[in-house]
file coords.cif (mmCIF, C-alpha atoms)
data_final
#
loop_
_atom_site.group_PDB
_atom_site.id
_atom_site.type_symbol
_atom_site.label_atom_id
_atom_site.label_comp_id
_atom_site.auth_asym_id
_atom_site.auth_seq_id
_atom_site.Cartn_x
_atom_site.Cartn_y
_atom_site.Cartn_z
ATOM 1 C CA MET A 462 -4.294 1.735 11.096
ATOM 2 C CA ASP A 463 -1.032 3.682 10.863
ATOM 3 C CA LEU A 464 -0.509 7.374 10.182
ATOM 4 C CA ARG A 465 -0.026 6.936 6.439
ATOM 5 C CA VAL A 466 -3.378 5.155 6.069
ATOM 6 C CA GLN A 467 -5.238 7.710 8.178
ATOM 7 C CA THR A 468 -3.829 10.688 6.312
ATOM 8 C CA THR A 469 -4.723 9.088 2.985
ATOM 9 C CA LEU A 470 -8.335 8.696 4.083
ATOM 10 C CA ILE A 471 -8.495 12.233 5.500
ATOM 11 C CA ALA A 472 -6.943 13.659 2.321
ATOM 12 C CA ALA A 473 -9.509 11.773 0.218
ATOM 13 C CA ILE A 474 -12.391 13.170 2.268
ATOM 14 C CA VAL A 475 -11.053 16.750 2.228
ATOM 15 C CA THR A 476 -10.331 16.591 -1.503
ATOM 16 C CA LEU A 477 -13.806 15.273 -2.271
ATOM 17 C CA THR A 478 -15.585 17.867 -0.133
ATOM 18 C CA THR A 479 -13.530 20.697 -1.643
ATOM 19 C CA ALA A 480 -14.272 19.504 -5.179
ATOM 20 C CA ILE A 481 -17.987 19.194 -4.380
ATOM 21 C CA ALA A 482 -18.035 22.686 -2.830
ATOM 22 C CA VAL A 483 -16.507 24.154 -5.986
ATOM 23 C CA LEU A 484 -18.878 22.112 -8.140
ATOM 24 C CA LEU A 485 -21.904 23.511 -6.295
ATOM 25 C CA ARG A 486 -20.965 27.127 -6.995
ATOM 26 C CA SER A 487 -23.415 28.977 -9.162
ATOM 27 C CA ARG A 488 -20.742 30.185 -11.603
ATOM 28 C CA ARG A 489 -19.202 27.607 -13.901
ATOM 29 C CA LEU A 490 -15.873 28.947 -15.096
ATOM 30 C CA SER A 491 -13.290 26.807 -16.871
ATOM 31 C CA VAL A 492 -11.002 27.136 -13.858
ATOM 32 C CA HIS A 493 -13.753 25.676 -11.643
ATOM 33 C CA THR A 494 -14.286 22.754 -13.995
ATOM 34 C CA ALA A 495 -10.542 22.099 -14.157
ATOM 35 C CA PHE A 496 -10.258 22.247 -10.362
ATOM 36 C CA VAL A 497 -13.171 19.846 -9.866
ATOM 37 C CA THR A 498 -11.652 17.411 -12.363
ATOM 38 C CA PHE A 499 -8.294 17.654 -10.590
ATOM 39 C CA GLY A 500 -9.969 17.209 -7.200
ATOM 40 C CA PHE A 501 -11.935 14.146 -8.297
ATOM 41 C CA SER A 502 -8.843 12.519 -9.820
ATOM 42 C CA LEU A 503 -6.983 13.060 -6.533
ATOM 43 C CA PHE A 504 -9.944 11.724 -4.547
ATOM 44 C CA ILE A 505 -10.223 8.534 -6.611
ATOM 45 C CA TRP A 506 -6.501 7.841 -6.275
ATOM 46 C CA GLN A 507 -6.440 8.543 -2.510
ATOM 47 C CA LEU A 508 -9.523 6.418 -1.885
ATOM 48 C CA LEU A 509 -8.088 3.504 -3.848
ATOM 49 C CA GLU A 510 -4.747 3.843 -2.024
ATOM 50 C CA PHE A 511 -6.654 3.680 1.265
ATOM 51 C CA LEU A 512 -8.570 0.598 0.134
ATOM 52 C CA ALA A 513 -5.353 -1.061 -1.085
ATOM 53 C CA VAL A 514 -3.912 -0.820 2.427
ATOM 54 C CA ILE A 515 -7.142 -1.917 4.115
ATOM 55 C CA PHE A 516 -7.410 -4.953 1.807
ATOM 56 C CA PRO A 517 -3.763 -5.997 1.282
ATOM 57 C CA THR A 518 -4.675 -9.486 0.056
ATOM 58 C CA THR A 519 -6.445 -8.034 -2.999
ATOM 59 C CA PRO A 520 -3.673 -6.948 -5.390
ATOM 60 C CA LEU A 521 -6.186 -5.782 -7.997
ATOM 61 C CA ILE A 522 -7.086 -2.800 -5.788
ATOM 62 C CA HIS A 523 -3.426 -1.770 -5.668
ATOM 63 C CA GLN A 524 -3.151 -2.137 -9.451
ATOM 64 C CA VAL A 525 -6.217 0.042 -9.965
ATOM 65 C CA ALA A 526 -4.869 2.578 -7.431
ATOM 66 C CA VAL A 527 -1.595 2.912 -9.323
ATOM 67 C CA ALA A 528 -3.496 3.212 -12.599
ATOM 68 C CA ALA A 529 -5.729 5.883 -11.022
ATOM 69 C CA ALA A 530 -2.652 8.030 -10.324
ATOM 70 C CA THR A 531 -1.890 8.462 -14.021
ATOM 71 C CA PRO A 532 -4.454 11.208 -14.818
ATOM 72 C CA ILE A 533 -3.375 13.343 -11.841
ATOM 73 C CA PRO A 534 -0.633 15.276 -13.680
ATOM 74 C CA SER A 535 -2.906 15.887 -16.678
ATOM 75 C CA THR A 536 -5.701 17.264 -14.540
ATOM 76 C CA ALA A 537 -3.204 19.290 -12.460
ATOM 77 C CA LEU A 538 -1.667 20.814 -15.568
ATOM 78 C CA ALA A 539 -5.119 21.602 -16.990
ATOM 79 C CA PHE A 540 -6.081 23.289 -13.720
ATOM 80 C CA PHE A 541 -2.916 25.371 -13.475
ATOM 81 C CA LEU A 542 -3.216 26.464 -17.112
ATOM 82 C CA ALA A 543 -6.811 27.558 -16.490
ATOM 83 C CA PHE A 544 -5.906 29.181 -13.159
ATOM 84 C CA LEU A 545 -2.997 31.156 -14.556
ATOM 85 C CA GLY A 546 -5.061 32.168 -17.563
ATOM 86 C CA SER A 547 -2.086 32.584 -19.855
ATOM 87 C CA GLU A 548 -1.537 30.902 -23.171
ATOM 88 C CA ILE A 549 1.681 28.958 -23.070
ATOM 89 C CA PRO A 550 1.977 26.966 -26.312
ATOM 90 C CA TRP A 551 4.496 24.418 -25.045
ATOM 91 C CA ALA A 552 2.387 23.709 -21.954
ATOM 92 C CA ARG A 553 -0.710 23.110 -24.100
ATOM 93 C CA ARG A 554 1.288 20.654 -26.230
ATOM 94 C CA VAL A 555 2.499 18.887 -23.078
ATOM 95 C CA LEU A 556 -1.090 18.712 -21.809
ATOM 96 C CA ARG A 557 -2.299 17.177 -25.069
ATOM 97 C CA ALA A 558 0.497 14.589 -24.886
ATOM 98 C CA THR A 559 -0.223 13.652 -21.272
ATOM 99 C CA TRP A 560 -3.658 12.178 -21.943
ATOM 100 C CA PRO A 561 -2.490 9.354 -24.262
ATOM 101 C CA ALA A 562 0.549 8.787 -22.038
ATOM 102 C CA SER A 563 -1.716 8.529 -18.979
ATOM 103 C CA LEU A 564 -3.990 6.094 -20.761
ATOM 104 C CA ALA A 565 -1.026 3.959 -21.843
ATOM 105 C CA LEU A 566 0.439 3.898 -18.324
ATOM 106 C CA ALA A 567 -2.926 3.099 -16.755
ATOM 107 C CA THR A 568 -3.397 0.256 -19.226
ATOM 108 C CA LEU A 569 0.105 -1.055 -18.505
ATOM 109 C CA ASN A 570 -0.585 -1.032 -14.764
ATOM 110 C CA LEU A 571 -3.852 -2.883 -15.260
ATOM 111 C CA ILE A 572 -2.791 -5.569 -17.748
ATOM 112 C CA VAL A 573 0.526 -6.664 -16.229
ATOM 113 C CA PRO A 574 -0.364 -9.036 -13.358
ATOM 114 C CA PHE A 575 0.606 -7.497 -10.033
ATOM 115 C CA GLU A 576 2.232 -10.661 -8.673
ATOM 116 C CA ALA A 577 4.306 -11.227 -11.824
ATOM 117 C CA ARG A 578 5.993 -7.836 -12.049
ATOM 118 C CA PRO A 579 9.022 -6.559 -10.193
ATOM 119 C CA GLY A 580 7.523 -3.098 -9.593
ATOM 120 C CA TRP A 581 8.738 -1.305 -12.703
ATOM 121 C CA PRO A 582 5.238 -0.196 -13.815
ATOM 122 C CA GLN A 583 4.730 1.476 -10.410
ATOM 123 C CA LEU A 584 8.161 3.104 -10.590
ATOM 124 C CA LEU A 585 7.487 4.318 -14.127
ATOM 125 C CA THR A 586 4.134 5.738 -13.014
ATOM 126 C CA PHE A 587 5.780 7.422 -10.007
ATOM 127 C CA VAL A 588 8.426 9.096 -12.192
ATOM 128 C CA TYR A 589 5.773 10.124 -14.735
ATOM 129 C CA VAL A 590 3.474 11.673 -12.126
ATOM 130 C CA VAL A 591 6.197 13.514 -10.191
ATOM 131 C CA SER A 592 7.957 14.836 -13.288
ATOM 132 C CA LEU A 593 4.750 16.132 -14.868
ATOM 133 C CA LEU A 594 3.692 17.730 -11.601
ATOM 134 C CA GLY A 595 7.049 19.493 -11.865
ATOM 135 C CA VAL A 596 5.807 21.013 -15.137
ATOM 136 C CA SER A 597 2.900 22.552 -13.198
ATOM 137 C CA VAL A 598 5.391 23.931 -10.676
ATOM 138 C CA SER A 599 7.439 25.436 -13.493
ATOM 139 C CA LEU A 600 4.322 27.192 -14.822
ATOM 140 C CA LEU A 601 3.643 28.648 -11.385
ATOM 141 C CA TYR A 602 7.265 29.719 -11.048
ATOM 142 C CA ARG A 603 7.228 31.366 -14.467
ATOM 143 C CA GLN A 604 4.086 33.315 -13.614
ATOM 144 C CA PHE A 605 5.529 34.233 -10.198
ATOM 145 C CA LYS A 606 8.685 35.633 -11.801
ATOM 146 C CA THR A 607 6.525 37.765 -14.096
ATOM 147 C CA HIS A 608 4.549 39.264 -11.183
ATOM 148 C CA ALA A 609 7.145 39.011 -8.389
ATOM 149 C CA GLU A 610 6.876 42.636 -7.249
ATOM 150 C CA GLU A 611 3.076 42.870 -7.298
ATOM 151 C CA ARG A 612 0.398 41.670 -4.910
ATOM 152 C CA GLU A 613 -0.399 38.870 -7.353
ATOM 153 C CA GLY A 614 3.236 37.771 -7.025
ATOM 154 C CA ARG A 615 2.831 37.197 -3.282
ATOM 155 C CA ARG A 616 -0.244 35.050 -3.814
ATOM 156 C CA LEU A 617 1.545 33.068 -6.506
ATOM 157 C CA PHE A 618 4.532 32.657 -4.187
ATOM 158 C CA TYR A 619 2.335 31.099 -1.474
ATOM 159 C CA LEU A 620 0.676 28.848 -4.034
ATOM 160 C CA LEU A 621 4.083 27.879 -5.419
ATOM 161 C CA VAL A 622 5.470 27.005 -1.982
ATOM 162 C CA GLY A 623 2.330 25.036 -1.077
ATOM 163 C CA THR A 624 2.444 23.140 -4.351
ATOM 164 C CA VAL A 625 6.126 22.244 -3.974
ATOM 165 C CA VAL A 626 5.619 21.096 -0.381
ATOM 166 C CA ALA A 627 2.554 19.014 -1.317
ATOM 167 C CA ILE A 628 4.360 17.357 -4.233
ATOM 168 C CA CYS A 629 7.468 16.632 -2.151
ATOM 169 C CA PHE A 630 5.506 15.177 0.781
ATOM 170 C CA GLY A 631 3.247 13.225 -1.561
ATOM 171 C CA ALA A 632 6.236 11.811 -3.429
ATOM 172 C CA LEU A 633 8.036 10.879 -0.216
ATOM 173 C CA ASP A 634 4.881 9.297 1.169
ATOM 174 C CA SER A 635 4.483 7.245 -2.029
ATOM 175 C CA LEU A 636 7.979 5.765 -1.911
ATOM 176 C CA PRO A 637 7.011 2.732 0.234
ATOM 177 C CA ARG A 638 4.211 1.937 -2.189
ATOM 178 C CA ILE A 639 6.748 1.439 -4.983
ATOM 179 C CA GLY A 640 9.102 -0.615 -2.826
ATOM 180 C CA ILE A 641 11.454 2.085 -1.495
ATOM 181 C CA PRO A 642 11.391 2.146 2.317
ATOM 182 C CA PHE A 643 10.712 5.561 3.827
ATOM 183 C CA PRO A 644 9.198 6.403 7.232
ATOM 184 C CA ALA A 645 5.759 7.990 7.470
ATOM 185 C CA LEU A 646 5.799 11.785 7.570
ATOM 186 C CA GLY A 647 3.964 13.549 10.344
#
call {"tool": "encode", "arguments": {"input": "coords.cif", "output": "structure tokens"}}
result
Amino acid sequence: MDLRVQTTLIAAIVTLTTAIAVLLRSRRLSVHTAFVTFGFSLFIWQLLEFLAVIFPTTPLIHQVAVAAATPIPSTALAFFLAFLGSEIPWARRVLRATWPASLALATLNLIVPFEARPGWPQLLTFVYVVSLLGVSVSLLYRQFKTHAEEREGRRLFYLLVGTVVAICFGALDSLPRIGIPFPALG
């Protein structure tokens, strides 16, 4: 088991336990629900990615793993909108559009036989996920610029940096899965 496989399993476990911890809180705010949904979507994708590497002779697992990545940007955007608590009309419209797009991409990844495709559904999914996660980053950046001089601005700055780093490392780590060679990070 190489580093990439181990970190995927560890990330799945940490994501699941964090989502469960938030779920077990006594207060049920919309931000908690959005975070739990985001956490579970990340967990499902990471677990399926782990299983796809453990069982490489079963291409269906890899197909399902790629399809499971499609709701991640929708749940991330929903969480960041709830977390930031501001009404941004264009972001709400983007969020509403992501659900049918995610469903269409997931369906595409599931119906096109894995052996018969040159990898374009995975590449399309990769571009979709990374670009829509960039929308979440832009929301954080916009809120940070609004509160840059305040204490809230410092917290948003740390969240912004952490989000950018996580997206960049996640995207780089996913490159080999879509056929672009890249060494394991870490």
call {"tool": "closest_residue", "arguments": {"input": "coords.cif", "among": "A:Leu538, A:Leu617, A:Ala528, A:Leu564", "to": "Ser592 (chain A)", "atoms": "only C-alpha atoms"}}
result
A:Leu538
call {"tool": "resolve_selection", "arguments": {"input": "coords.cif", "expression": "the PyMOL selection byres ((chain A and resi 580) around 12)", "output": "ChimeraX atom specification"}}
result
/A:523-524,527,569-570,573-579,581-587,636-641
call {"tool": "atom_distance", "arguments": {"input": "coords.cif", "atom1": "CA of Phe618 (chain A)", "atom2": "CA of Leu545 (chain A)"}}
result
12.9 Å
call {"tool": "resolve_selection", "arguments": {"input": "coords.cif", "expression": "the PyMOL selection byres ((chain A and resi 486-501) around 10)", "output": "ChimeraX atom specification"}}
result
/A:473,475-485,502-507,532-546
call {"tool": "atom_distance", "arguments": {"input": "coords.cif", "atom1": "CA of Arg612 (chain A)", "atom2": "CA of Ser599 (chain A)"}}
result
19.7 Å
call {"tool": "resolve_selection", "arguments": {"input": "coords.cif", "expression": "the PyMOL selection byres ((chain A and resi 645) around 12)", "output": "MDAnalysis selection string"}}
result
chainID A and resid 463:469 630:638 642:644 646:647
call {"tool": "closest_residue", "arguments": {"input": "coords.cif", "among": "A:Val596, A:Ala627, A:Ala567, A:Leu620", "to": "Arg554 (chain A)", "atoms": "only C-alpha atoms"}}
result
A:Val596
call {"tool": "residues_around", "arguments": {"input": "coords.cif", "residues": "Val555 (chain A)", "least_positions_apart": "3", "cutoff": "10 Å", "atoms": "only C-alpha atoms", "output": "ChimeraX atom specification"}}
result
/A:535,538,550-552,558-560,593,596
call {"tool": "closest_residue", "arguments": {"input": "coords.cif", "among": "A:Leu512, A:Leu594, A:Ile628, A:Val622", "to": "Leu556 (chain A)", "atoms": "all atoms listed in the file"}}
result
A:Leu594
call {"tool": "build_atoms", "arguments": {"input": "coords.cif", "residues": "region 464-475 of chain A", "atoms": "all heavy atoms", "output": "PDB file, in the coordinates of the input"}}
result
ATOM      1  N   LEU A 464      -0.359   5.973  10.548  1.00  0.00           N
ATOM      2  CA  LEU A 464      -0.509   7.374  10.182  1.00  0.00           C
ATOM      3  C   LEU A 464      -0.693   7.561   8.675  1.00  0.00           C
ATOM      4  O   LEU A 464      -1.512   8.356   8.229  1.00  0.00           O
ATOM      5  CB  LEU A 464       0.713   8.160  10.669  1.00  0.00           C
ATOM      6  CG  LEU A 464       0.734   9.641  10.348  1.00  0.00           C
ATOM      7  CD1 LEU A 464      -0.409  10.348  11.069  1.00  0.00           C
ATOM      8  CD2 LEU A 464       2.056  10.248  10.740  1.00  0.00           C
ATOM      9  N   ARG A 465       0.048   6.799   7.893  1.00  0.00           N
ATOM     10  CA  ARG A 465      -0.026   6.936   6.439  1.00  0.00           C
ATOM     11  C   ARG A 465      -1.424   6.586   5.920  1.00  0.00           C
ATOM     12  O   ARG A 465      -1.955   7.257   5.040  1.00  0.00           O
ATOM     13  CB  ARG A 465       1.032   6.038   5.797  1.00  0.00           C
ATOM     14  CG  ARG A 465       1.197   6.253   4.332  1.00  0.00           C
ATOM     15  CD  ARG A 465       2.366   5.469   3.768  1.00  0.00           C
ATOM     16  NE  ARG A 465       3.592   6.196   4.035  1.00  0.00           N
ATOM     17  CZ  ARG A 465       4.687   5.679   4.573  1.00  0.00           C
ATOM     18  NH1 ARG A 465       4.716   4.420   4.906  1.00  0.00           N
ATOM     19  NH2 ARG A 465       5.750   6.395   4.772  1.00  0.00           N
ATOM     20  N   VAL A 466      -2.038   5.569   6.490  1.00  0.00           N
ATOM     21  CA  VAL A 466      -3.378   5.155   6.069  1.00  0.00           C
ATOM     22  C   VAL A 466      -4.410   6.204   6.483  1.00  0.00           C
ATOM     23  O   VAL A 466      -5.292   6.568   5.700  1.00  0.00           O
ATOM     24  CB  VAL A 466      -3.722   3.778   6.676  1.00  0.00           C
ATOM     25  CG1 VAL A 466      -5.130   3.359   6.314  1.00  0.00           C
ATOM     26  CG2 VAL A 466      -2.727   2.731   6.216  1.00  0.00           C
ATOM     27  N   GLN A 467      -4.292   6.706   7.695  1.00  0.00           N
ATOM     28  CA  GLN A 467      -5.238   7.710   8.178  1.00  0.00           C
ATOM     29  C   GLN A 467      -5.166   8.998   7.366  1.00  0.00           C
ATOM     30  O   GLN A 467      -6.195   9.564   7.008  1.00  0.00           O
ATOM     31  CB  GLN A 467      -4.973   8.015   9.653  1.00  0.00           C
ATOM     32  CG  GLN A 467      -5.286   6.867  10.569  1.00  0.00           C
ATOM     33  CD  GLN A 467      -4.831   7.132  11.995  1.00  0.00           C
ATOM     34  OE1 GLN A 467      -4.215   8.144  12.289  1.00  0.00           O
ATOM     35  NE2 GLN A 467      -5.139   6.205  12.889  1.00  0.00           N
ATOM     36  N   THR A 468      -3.955   9.445   7.079  1.00  0.00           N
ATOM     37  CA  THR A 468      -3.829  10.688   6.312  1.00  0.00           C
ATOM     38  C   THR A 468      -4.336  10.521   4.887  1.00  0.00           C
ATOM     39  O   THR A 468      -4.873  11.469   4.302  1.00  0.00           O
ATOM     40  CB  THR A 468      -2.375  11.205   6.296  1.00  0.00           C
ATOM     41  OG1 THR A 468      -1.512  10.187   5.778  1.00  0.00           O
ATOM     42  CG2 THR A 468      -1.926  11.619   7.672  1.00  0.00           C
ATOM     43  N   THR A 469      -4.195   9.333   4.327  1.00  0.00           N
ATOM     44  CA  THR A 469      -4.723   9.088   2.985  1.00  0.00           C
ATOM     45  C   THR A 469      -6.242   9.193   2.983  1.00  0.00           C
ATOM     46  O   THR A 469      -6.835   9.811   2.091  1.00  0.00           O
ATOM     47  CB  THR A 469      -4.277   7.705   2.469  1.00  0.00           C
ATOM     48  OG1 THR A 469      -2.852   7.634   2.487  1.00  0.00           O
ATOM     49  CG2 THR A 469      -4.772   7.448   1.072  1.00  0.00           C
ATOM     50  N   LEU A 470      -6.881   8.617   3.993  1.00  0.00           N
ATOM     51  CA  LEU A 470      -8.335   8.696   4.083  1.00  0.00           C
ATOM     52  C   LEU A 470      -8.794  10.136   4.324  1.00  0.00           C
ATOM     53  O   LEU A 470      -9.739  10.619   3.685  1.00  0.00           O
ATOM     54  CB  LEU A 470      -8.860   7.789   5.198  1.00  0.00           C
ATOM     55  CG  LEU A 470     -10.375   7.798   5.405  1.00  0.00           C
ATOM     56  CD1 LEU A 470     -11.099   7.350   4.145  1.00  0.00           C
ATOM     57  CD2 LEU A 470     -10.749   6.938   6.593  1.00  0.00           C
ATOM     58  N   ILE A 471      -8.129  10.836   5.222  1.00  0.00           N
ATOM     59  CA  ILE A 471      -8.495  12.233   5.500  1.00  0.00           C
ATOM     60  C   ILE A 471      -8.301  13.095   4.252  1.00  0.00           C
ATOM     61  O   ILE A 471      -9.147  13.931   3.921  1.00  0.00           O
ATOM     62  CB  ILE A 471      -7.687  12.773   6.698  1.00  0.00           C
ATOM     63  CG1 ILE A 471      -8.152  12.084   7.971  1.00  0.00           C
ATOM     64  CG2 ILE A 471      -7.832  14.280   6.826  1.00  0.00           C
ATOM     65  CD1 ILE A 471      -7.266  12.332   9.170  1.00  0.00           C
ATOM     66  N   ALA A 472      -7.192  12.892   3.548  1.00  0.00           N
ATOM     67  CA  ALA A 472      -6.943  13.659   2.321  1.00  0.00           C
ATOM     68  C   ALA A 472      -8.022  13.367   1.273  1.00  0.00           C
ATOM     69  O   ALA A 472      -8.465  14.283   0.568  1.00  0.00           O
ATOM     70  CB  ALA A 472      -5.561  13.334   1.769  1.00  0.00           C
ATOM     71  N   ALA A 473      -8.453  12.120   1.174  1.00  0.00           N
ATOM     72  CA  ALA A 473      -9.509  11.773   0.218  1.00  0.00           C
ATOM     73  C   ALA A 473     -10.805  12.497   0.567  1.00  0.00           C
ATOM     74  O   ALA A 473     -11.471  13.057  -0.315  1.00  0.00           O
ATOM     75  CB  ALA A 473      -9.733  10.257   0.196  1.00  0.00           C
ATOM     76  N   ILE A 474     -11.148  12.516   1.841  1.00  0.00           N
ATOM     77  CA  ILE A 474     -12.391  13.170   2.268  1.00  0.00           C
ATOM     78  C   ILE A 474     -12.318  14.675   2.028  1.00  0.00           C
ATOM     79  O   ILE A 474     -13.254  15.280   1.496  1.00  0.00           O
ATOM     80  CB  ILE A 474     -12.683  12.849   3.748  1.00  0.00           C
ATOM     81  CG1 ILE A 474     -13.013  11.360   3.896  1.00  0.00           C
ATOM     82  CG2 ILE A 474     -13.814  13.711   4.287  1.00  0.00           C
ATOM     83  CD1 ILE A 474     -13.026  10.868   5.334  1.00  0.00           C
ATOM     84  N   VAL A 475     -11.204  15.297   2.406  1.00  0.00           N
ATOM     85  CA  VAL A 475     -11.053  16.750   2.228  1.00  0.00           C
ATOM     86  C   VAL A 475     -11.055  17.107   0.746  1.00  0.00           C
ATOM     87  O   VAL A 475     -11.689  18.087   0.333  1.00  0.00           O
ATOM     88  CB  VAL A 475      -9.767  17.246   2.928  1.00  0.00           C
ATOM     89  CG1 VAL A 475      -9.435  18.671   2.542  1.00  0.00           C
ATOM     90  CG2 VAL A 475      -9.903  17.117   4.436  1.00  0.00           C
TER      91      VAL A 475
END
